[in-house]
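Peer 1: Below you'll find the structure I mean.
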Amino acid sequence: SSATLVMESSPETTMTQNFNPWATTAPIYGMGADGLIYEPLIQFNLAAPGPTEGKGWYPWLATSYTWGDGGKSITFAIRQGVKWSDGQAFTPDDVVYTFNLMKSDPKVNINGLQISSASASGNNVTVTFPSSQYANLENIAGLAIVPKHVWSTAGEASAYTAANPVGTGPYVLSNYTSQGRS
């Protein structure tokens with residue numbers, strides 16, 4: 001089956017075809033359309049309790065997480081069998097790549113995460129921090145994960161125009177018009 005998503009809530013008269021999840025001034029970002037393409041490790045619902053001990057979170061690209069070292073590290077068990085919209089396998093390397101991108105590029109680190117390191121071991125990804133991050137779970141686990149095989153060759157991530165986005169989300173871009181409301 002297919003679904004059509006029409007975004008008509010923008011006051012913009014024209015919109016650039018840019019689904020970069022870190023282009024915070026772009027109309028598409030403001031409408032939240034990138035969230036239908038790129039997904040996080042964990043989904044959060046602060047208004048209603050979740051299935052996991054009523055904590056308001058739902059396993060998504062990660063099936064679970066574990067804090068370590070007094071909140072200075074977090075390990076995510078990465079969900080298996082997920083594919084990017086271009087058919088390539090989603091792997092722990094994509095998660096490590098995304099966190100390392102946050103560490104190395106302040107322009108895309110829109111949540112100001114203080115990342116010391118990110119590494120994979122089997123299906124687990126561990127991210128370390130210089131200080132305890134218990135209160136920062138939503139910004140860490142809610143980060144939009146991008147495909148390494150696309151973004152590693154895209155040049156400067158903050159300037160990349162993701163015209164034909166590849167994500168794990170439920171929507172795939174089939175056509176685009178630059179017209180907003182008239």
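Ordering of the structure tokens sets the chain letters (A, B, ...); residue numbers start at 1 within each chain; ligands are numbered from 1 in the order shown.
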List the neighbours of stretch 115-119 of chain A out to 10 Å using only C-alpha atoms; skip same-chain residues closer than 3 positions along the sequence, and give me the result as a PyMOL selection string.

Peer 2: chain A and resi 72-75+92-93+95-104+109+112+122+124-131+140

Peer 1: Could the residues in this selection be written to a file with C-alpha atoms, as a PDB file, in the first residue's frame?

Peer 2:
ATOM      1  CA  LYS A  72      28.709   8.722  31.739  1.00  0.00           C
ATOM      2  CA  SER A  73      27.923   5.981  29.211  1.00  0.00           C
ATOM      3  CA  ILE A  74      24.859   4.521  27.597  1.00  0.00           C
ATOM      4  CA  THR A  75      24.654   1.301  25.604  1.00  0.00           C
ATOM      5  CA  PRO A  92      25.146  -0.284  14.461  1.00  0.00           C
ATOM      6  CA  ASP A  93      27.742   1.479  12.266  1.00  0.00           C
ATOM      7  CA  VAL A  95      24.362   4.787  14.810  1.00  0.00           C
ATOM      8  CA  VAL A  96      28.077   5.184  15.590  1.00  0.00           C
ATOM      9  CA  TYR A  97      28.494   7.354  12.481  1.00  0.00           C
ATOM     10  CA  THR A  98      25.609   9.629  13.548  1.00  0.00           C
ATOM     11  CA  PHE A  99      26.965  10.100  17.087  1.00  0.00           C
ATOM     12  CA  ASN A 100      30.492  10.720  15.774  1.00  0.00           C
ATOM     13  CA  LEU A 101      29.049  13.299  13.393  1.00  0.00           C
ATOM     14  CA  MET A 102      27.489  15.043  16.417  1.00  0.00           C
ATOM     15  CA  LYS A 103      30.849  14.926  18.181  1.00  0.00           C
ATOM     16  CA  SER A 104      32.816  16.375  15.274  1.00  0.00           C
ATOM     17  CA  ASN A 109      24.928  18.952  17.091  1.00  0.00           C
ATOM     18  CA  GLY A 112      24.701  20.334  22.254  1.00  0.00           C
ATOM     19  CA  GLY A 122      28.264  -6.653  17.892  1.00  0.00           C
ATOM     20  CA  ASN A 124      25.392  -2.833  20.731  1.00  0.00           C
ATOM     21  CA  VAL A 125      26.431   0.803  20.479  1.00  0.00           C
ATOM     22  CA  THR A 126      28.022   2.536  23.454  1.00  0.00           C
ATOM     23  CA  VAL A 127      28.249   6.312  23.695  1.00  0.00           C
ATOM     24  CA  THR A 128      30.396   7.910  26.398  1.00  0.00           C
ATOM     25  CA  PHE A 129      30.270  11.419  27.846  1.00  0.00           C
ATOM     26  CA  PRO A 130      32.574  13.529  30.052  1.00  0.00           C
ATOM     27  CA  SER A 131      29.843  13.903  32.692  1.00  0.00           C
ATOM     28  CA  ILE A 140      20.624  11.314  23.199  1.00  0.00           C
TER      29      ILE A 140
END

Peer 1: Using DSSP secondary structure from the backbone, list all strand (DSSP E or B) positions within stretch 87-138 of chain A, as a PyMOL selection string.

Peer 2: chain A and resi 89+117-121+124-128

Peer 1: Using all heavy atoms, can you write the selected residues to a file as a PDB file, in the first residue's frame?

Peer 2:
ATOM      1  N   ALA A  89      20.902  -2.420   4.551  1.00  0.00           N
ATOM      2  CA  ALA A  89      20.662  -2.776   5.951  1.00  0.00           C
ATOM      3  C   ALA A  89      21.052  -1.633   6.884  1.00  0.00           C
ATOM      4  O   ALA A  89      22.082  -0.979   6.693  1.00  0.00           O
ATOM      5  CB  ALA A  89      21.457  -4.022   6.319  1.00  0.00           C
ATOM      6  N   SER A 117      32.946   9.585  23.048  1.00  0.00           N
ATOM      7  CA  SER A 117      33.201   8.549  22.049  1.00  0.00           C
ATOM      8  C   SER A 117      31.921   7.790  21.737  1.00  0.00           C
ATOM      9  O   SER A 117      30.958   7.832  22.499  1.00  0.00           O
ATOM     10  CB  SER A 117      34.264   7.559  22.545  1.00  0.00           C
ATOM     11  OG  SER A 117      33.757   6.801  23.633  1.00  0.00           O
ATOM     12  N   ALA A 118      31.950   7.105  20.612  1.00  0.00           N
ATOM     13  CA  ALA A 118      30.856   6.212  20.221  1.00  0.00           C
ATOM     14  C   ALA A 118      31.491   5.019  19.532  1.00  0.00           C
ATOM     15  O   ALA A 118      32.366   5.184  18.682  1.00  0.00           O
ATOM     16  CB  ALA A 118      29.881   6.911  19.279  1.00  0.00           C
ATOM     17  N   SER A 119      31.066   3.817  19.927  1.00  0.00           N
ATOM     18  CA  SER A 119      31.641   2.613  19.334  1.00  0.00           C
ATOM     19  C   SER A 119      30.611   1.488  19.327  1.00  0.00           C
ATOM     20  O   SER A 119      29.661   1.497  20.106  1.00  0.00           O
ATOM     21  CB  SER A 119      32.887   2.178  20.103  1.00  0.00           C
ATOM     22  OG  SER A 119      32.549   1.878  21.446  1.00  0.00           O
ATOM     23  N   ALA A 120      30.842   0.543  18.419  1.00  0.00           N
ATOM     24  CA  ALA A 120      29.957  -0.610  18.311  1.00  0.00           C
ATOM     25  C   ALA A 120      30.695  -1.870  18.719  1.00  0.00           C
ATOM     26  O   ALA A 120      31.893  -2.010  18.480  1.00  0.00           O
ATOM     27  CB  ALA A 120      29.444  -0.749  16.880  1.00  0.00           C
ATOM     28  N   SER A 121      29.945  -2.778  19.329  1.00  0.00           N
ATOM     29  CA  SER A 121      30.438  -4.107  19.641  1.00  0.00           C
ATOM     30  C   SER A 121      29.277  -5.055  19.369  1.00  0.00           C
ATOM     31  O   SER A 121      28.284  -5.053  20.103  1.00  0.00           O
ATOM     32  CB  SER A 121      30.885  -4.191  21.102  1.00  0.00           C
ATOM     33  OG  SER A 121      31.287  -5.523  21.400  1.00  0.00           O
ATOM     34  N   ASN A 124      25.497  -3.900  19.737  1.00  0.00           N
ATOM     35  CA  ASN A 124      25.392  -2.833  20.731  1.00  0.00           C
ATOM     36  C   ASN A 124      26.218  -1.622  20.337  1.00  0.00           C
ATOM     37  O   ASN A 124      27.303  -1.755  19.766  1.00  0.00           O
ATOM     38  CB  ASN A 124      25.864  -3.320  22.102  1.00  0.00           C
ATOM     39  CG  ASN A 124      24.949  -4.373  22.664  1.00  0.00           C
ATOM     40  OD1 ASN A 124      23.732  -4.338  22.479  1.00  0.00           O
ATOM     41  ND2 ASN A 124      25.530  -5.346  23.357  1.00  0.00           N
ATOM     42  N   VAL A 125      25.703  -0.452  20.662  1.00  0.00           N
ATOM     43  CA  VAL A 125      26.431   0.803  20.479  1.00  0.00           C
ATOM     44  C   VAL A 125      26.545   1.471  21.838  1.00  0.00           C
ATOM     45  O   VAL A 125      25.542   1.636  22.538  1.00  0.00           O
ATOM     46  CB  VAL A 125      25.709   1.738  19.484  1.00  0.00           C
ATOM     47  CG1 VAL A 125      26.341   3.127  19.484  1.00  0.00           C
ATOM     48  CG2 VAL A 125      25.719   1.146  18.086  1.00  0.00           C
ATOM     49  N   THR A 126      27.770   1.845  22.195  1.00  0.00           N
ATOM     50  CA  THR A 126      28.022   2.536  23.454  1.00  0.00           C
ATOM     51  C   THR A 126      28.506   3.947  23.157  1.00  0.00           C
ATOM     52  O   THR A 126      29.415   4.148  22.353  1.00  0.00           O
ATOM     53  CB  THR A 126      29.061   1.794  24.310  1.00  0.00           C
ATOM     54  OG1 THR A 126      28.550   0.481  24.594  1.00  0.00           O
ATOM     55  CG2 THR A 126      29.349   2.520  25.611  1.00  0.00           C
ATOM     56  N   VAL A 127      27.871   4.905  23.812  1.00  0.00           N
ATOM     57  CA  VAL A 127      28.249   6.312  23.695  1.00  0.00           C
ATOM     58  C   VAL A 127      28.712   6.758  25.071  1.00  0.00           C
ATOM     59  O   VAL A 127      28.052   6.471  26.081  1.00  0.00           O
ATOM     60  CB  VAL A 127      27.055   7.177  23.223  1.00  0.00           C
ATOM     61  CG1 VAL A 127      27.493   8.622  23.008  1.00  0.00           C
ATOM     62  CG2 VAL A 127      26.429   6.605  21.959  1.00  0.00           C
ATOM     63  N   THR A 128      29.865   7.431  25.123  1.00  0.00           N
ATOM     64  CA  THR A 128      30.396   7.910  26.398  1.00  0.00           C
ATOM     65  C   THR A 128      30.400   9.436  26.406  1.00  0.00           C
ATOM     66  O   THR A 128      30.458  10.081  25.359  1.00  0.00           O
ATOM     67  CB  THR A 128      31.814   7.373  26.673  1.00  0.00           C
ATOM     68  OG1 THR A 128      32.700   7.865  25.666  1.00  0.00           O
ATOM     69  CG2 THR A 128      31.836   5.857  26.684  1.00  0.00           C
TER      70      THR A 128
END

Peer 1: Quick one: residues within 9 Å of A:Val146, only C-alpha atoms, excluding same-chain residues fewer than 2 positions away - as an mmCIF file with N, CA, C and O atoms, in the first residue's frame?

Peer 2:
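Below is the file out_1.cif, written as the result:
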data_model
loop_
_atom_site.group_PDB
_atom_site.id
_atom_site.type_symbol
_atom_site.label_atom_id
_atom_site.label_comp_id
_atom_site.auth_asym_id
_atom_site.auth_seq_id
_atom_site.Cartn_x
_atom_site.Cartn_y
_atom_site.Cartn_z
ATOM 1 N N PRO A 21 18.003 16.727 8.397
ATOM 2 C CA PRO A 21 17.403 16.813 9.735
ATOM 3 C C PRO A 21 18.051 17.850 10.640
ATOM 4 O O PRO A 21 17.569 18.087 11.739
ATOM 5 N N TYR A 38 13.484 10.123 8.999
ATOM 6 C CA TYR A 38 14.572 9.723 9.901
ATOM 7 C C TYR A 38 13.982 9.365 11.256
ATOM 8 O O TYR A 38 13.126 10.073 11.766
ATOM 9 N N GLU A 39 14.465 8.277 11.839
ATOM 10 C CA GLU A 39 13.910 7.826 13.116
ATOM 11 C C GLU A 39 14.980 7.819 14.210
ATOM 12 O O GLU A 39 16.169 7.738 13.935
ATOM 13 N N ASP A 94 25.781 2.717 11.471
ATOM 14 C CA ASP A 94 25.032 3.936 11.163
ATOM 15 C C ASP A 94 24.834 4.773 12.421
ATOM 16 O O ASP A 94 24.923 6.003 12.392
ATOM 17 N N VAL A 95 24.568 4.099 13.532
ATOM 18 C CA VAL A 95 24.362 4.787 14.810
ATOM 19 C C VAL A 95 25.671 5.419 15.278
ATOM 20 O O VAL A 95 25.710 6.591 15.669
ATOM 21 N N TYR A 97 28.203 6.259 13.403
ATOM 22 C CA TYR A 97 28.494 7.354 12.481
ATOM 23 C C TYR A 97 27.724 8.615 12.890
ATOM 24 O O TYR A 97 28.287 9.715 12.937
ATOM 25 N N THR A 98 26.430 8.482 13.190
ATOM 26 C CA THR A 98 25.609 9.629 13.548
ATOM 27 C C THR A 98 26.121 10.296 14.821
ATOM 28 O O THR A 98 26.249 11.527 14.878
ATOM 29 N N ALA A 144 17.946 11.902 15.478
ATOM 30 C CA ALA A 144 17.632 11.332 14.161
ATOM 31 C C ALA A 144 18.865 10.595 13.639
ATOM 32 O O ALA A 144 19.928 11.191 13.488
ATOM 33 N N LYS A 148 24.999 6.019 7.163
ATOM 34 C CA LYS A 148 26.417 6.287 6.918
ATOM 35 C C LYS A 148 26.730 6.229 5.427
ATOM 36 O O LYS A 148 27.482 7.060 4.915
ATOM 37 N N HIS A 149 26.140 5.277 4.711
ATOM 38 C CA HIS A 149 26.483 5.102 3.297
ATOM 39 C C HIS A 149 26.043 6.284 2.438
ATOM 40 O O HIS A 149 26.544 6.454 1.334
ATOM 41 N N VAL A 150 25.158 7.125 2.926
ATOM 42 C CA VAL A 150 24.743 8.334 2.202
ATOM 43 C C VAL A 150 25.487 9.552 2.731
ATOM 44 O O VAL A 150 26.107 10.298 1.976
ATOM 45 N N TRP A 151 25.447 9.748 4.031
ATOM 46 C CA TRP A 151 25.967 10.978 4.614
ATOM 47 C C TRP A 151 27.487 11.042 4.659
ATOM 48 O O TRP A 151 28.058 12.131 4.669
ATOM 49 N N VAL A 166 17.128 9.319 2.459
ATOM 50 C CA VAL A 166 17.104 7.882 2.738
ATOM 51 C C VAL A 166 16.955 7.750 4.246
ATOM 52 O O VAL A 166 17.785 8.252 5.003
ATOM 53 N N GLY A 167 15.889 7.102 4.677
ATOM 54 C CA GLY A 167 15.657 6.944 6.105
ATOM 55 C C GLY A 167 15.067 5.579 6.414
ATOM 56 O O GLY A 167 14.855 4.753 5.528
ATOM 57 N N THR A 168 14.778 5.354 7.692
ATOM 58 C CA THR A 168 14.150 4.103 8.121
ATOM 59 C C THR A 168 12.674 4.309 8.410
ATOM 60 O O THR A 168 11.967 3.362 8.710
#

Peer 1: From a DSSP pass on the backbone, collect the residues of stretch 36-131 of chain A flagged as alpha helix (DSSP H) and hand them back as a PyMOL selection string.

Peer 2: chain A and resi 92-104

Peer 1: Output all heavy atoms for every residue in that selection, as a short mmCIF file (atom, residue, chain, number, x, y, z; two decimals), in the first residue's frame.

Peer 2:
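Final file, result_7.cif:
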data_model
loop_
_atom_site.label_atom_id
_atom_site.label_comp_id
_atom_site.auth_asym_id
_atom_site.auth_seq_id
_atom_site.Cartn_x
_atom_site.Cartn_y
_atom_site.Cartn_z
N PRO A 92 24.58 -1.09 13.38
CA PRO A 92 25.15 -0.28 14.46
C PRO A 92 26.14 0.76 13.95
O PRO A 92 26.28 1.82 14.56
CB PRO A 92 25.83 -1.33 15.35
CG PRO A 92 25.01 -2.57 15.14
CD PRO A 92 24.66 -2.53 13.68
N ASP A 93 26.80 0.50 12.82
CA ASP A 93 27.74 1.48 12.27
C ASP A 93 27.05 2.78 11.89
O ASP A 93 27.65 3.85 11.96
CB ASP A 93 28.47 0.91 11.05
CG ASP A 93 29.54 -0.10 11.42
OD1 ASP A 93 29.97 -0.13 12.59
OD2 ASP A 93 29.96 -0.85 10.52
N ASP A 94 25.78 2.72 11.47
CA ASP A 94 25.03 3.94 11.16
C ASP A 94 24.83 4.77 12.42
O ASP A 94 24.92 6.00 12.39
CB ASP A 94 23.67 3.59 10.55
CG ASP A 94 23.79 2.90 9.21
OD1 ASP A 94 24.47 3.43 8.32
OD2 ASP A 94 23.19 1.82 9.06
N VAL A 95 24.57 4.10 13.53
CA VAL A 95 24.36 4.79 14.81
C VAL A 95 25.67 5.42 15.28
O VAL A 95 25.71 6.59 15.67
CB VAL A 95 23.79 3.82 15.87
CG1 VAL A 95 23.61 4.53 17.21
CG2 VAL A 95 22.48 3.21 15.39
N VAL A 96 26.76 4.66 15.20
CA VAL A 96 28.08 5.18 15.59
C VAL A 96 28.43 6.38 14.71
O VAL A 96 28.88 7.42 15.21
CB VAL A 96 29.16 4.09 15.48
CG1 VAL A 96 30.56 4.68 15.63
CG2 VAL A 96 28.92 3.00 16.53
N TYR A 97 28.20 6.26 13.40
CA TYR A 97 28.49 7.35 12.48
C TYR A 97 27.72 8.62 12.89
O TYR A 97 28.29 9.71 12.94
CB TYR A 97 28.14 6.97 11.04
CG TYR A 97 28.27 8.14 10.11
CD1 TYR A 97 29.52 8.53 9.64
CD2 TYR A 97 27.16 8.88 9.73
CE1 TYR A 97 29.66 9.64 8.82
CE2 TYR A 97 27.28 9.99 8.91
CZ TYR A 97 28.54 10.37 8.45
OH TYR A 97 28.65 11.46 7.65
N THR A 98 26.43 8.48 13.19
CA THR A 98 25.61 9.63 13.55
C THR A 98 26.12 10.30 14.82
O THR A 98 26.25 11.53 14.88
CB THR A 98 24.13 9.22 13.70
OG1 THR A 98 23.68 8.63 12.47
CG2 THR A 98 23.26 10.41 14.04
N PHE A 99 26.45 9.51 15.85
CA PHE A 99 26.97 10.10 17.09
C PHE A 99 28.33 10.74 16.87
O PHE A 99 28.62 11.81 17.42
CB PHE A 99 27.02 9.07 18.22
CG PHE A 99 25.70 8.89 18.91
CD1 PHE A 99 24.91 7.78 18.66
CD2 PHE A 99 25.23 9.83 19.81
CE1 PHE A 99 23.68 7.62 19.28
CE2 PHE A 99 24.01 9.69 20.44
CZ PHE A 99 23.23 8.57 20.17
N ASN A 100 29.18 10.12 16.06
CA ASN A 100 30.49 10.72 15.77
C ASN A 100 30.35 12.01 14.97
O ASN A 100 31.15 12.94 15.12
CB ASN A 100 31.42 9.72 15.07
CG ASN A 100 32.02 8.74 16.06
OD1 ASN A 100 32.22 9.05 17.23
ND2 ASN A 100 32.31 7.54 15.59
N LEU A 101 29.34 12.07 14.12
CA LEU A 101 29.05 13.30 13.39
C LEU A 101 28.67 14.41 14.38
O LEU A 101 29.12 15.55 14.26
CB LEU A 101 27.92 13.05 12.40
CG LEU A 101 27.59 14.16 11.42
CD1 LEU A 101 28.79 14.52 10.56
CD2 LEU A 101 26.43 13.73 10.53
N MET A 102 27.85 14.07 15.39
CA MET A 102 27.49 15.04 16.42
C MET A 102 28.73 15.53 17.17
O MET A 102 28.86 16.70 17.49
CB MET A 102 26.52 14.43 17.44
CG MET A 102 25.18 14.02 16.94
SD MET A 102 24.22 15.35 16.23
CE MET A 102 24.38 14.94 14.51
N LYS A 103 29.63 14.59 17.43
CA LYS A 103 30.85 14.93 18.18
C LYS A 103 31.74 15.87 17.38
O LYS A 103 32.32 16.81 17.93
CB LYS A 103 31.61 13.64 18.52
CG LYS A 103 32.92 13.88 19.23
CD LYS A 103 33.68 12.60 19.47
CE LYS A 103 35.03 12.92 20.07
NZ LYS A 103 35.89 11.76 20.13
N SER A 104 31.84 15.64 16.08
CA SER A 104 32.82 16.38 15.27
C SER A 104 32.29 17.66 14.64
O SER A 104 33.07 18.49 14.21
CB SER A 104 33.37 15.47 14.18
OG SER A 104 32.35 15.13 13.25
#

Peer 1: Could you state the separation of atom CA of A:Val82 and atom CA of A:Pro106 in Å, given to one decimal place?

Peer 2: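 Atom CA of A:Pro106 lies 28.5 Å from atom CA of A:Val82.
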
Peer 1: Just the number, please: distance in Å from atom CA of A:Ala62 to atom CA of A:Gln43, one decimal.

Peer 2: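 Separating atom CA of A:Ala62 from atom CA of A:Gln43 is a distance of 9.6 Å.
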
Peer 1: Can you pull out every residue within 9 Å of A:Asp105, counting only C-alpha atoms, but drop anything in the same chain fewer than 5 positions away, and send it as a PyMOL selection string?

Peer 2: chain A and resi 100+156-158

Peer 1: Now that the selection is made, can you save its residues with C-alpha atoms as a compact mmCIF listing (two decimals), in the first residue's frame?

Peer 2:
# COMPACT_ATOMS: atom_id res chain seq x y z
CA ASN A 100 30.49 10.72 15.77
CA GLU A 156 29.67 19.07 5.19
CA ALA A 157 26.59 17.59 6.87
CA SER A 158 25.07 20.92 7.93

Peer 1: Using Å and a single decimal, report how far atom CA of A:Ile37 sits from atom CA of A:Arg79.

Peer 2: 17.1 Å

Peer 1: Smallest atom-to-atom distance to A:Leu61: which of A:Asn111, A:Thr161, A:Asn45, A:Gln80, using only C-alpha atoms?

Peer 2: A:Gln80
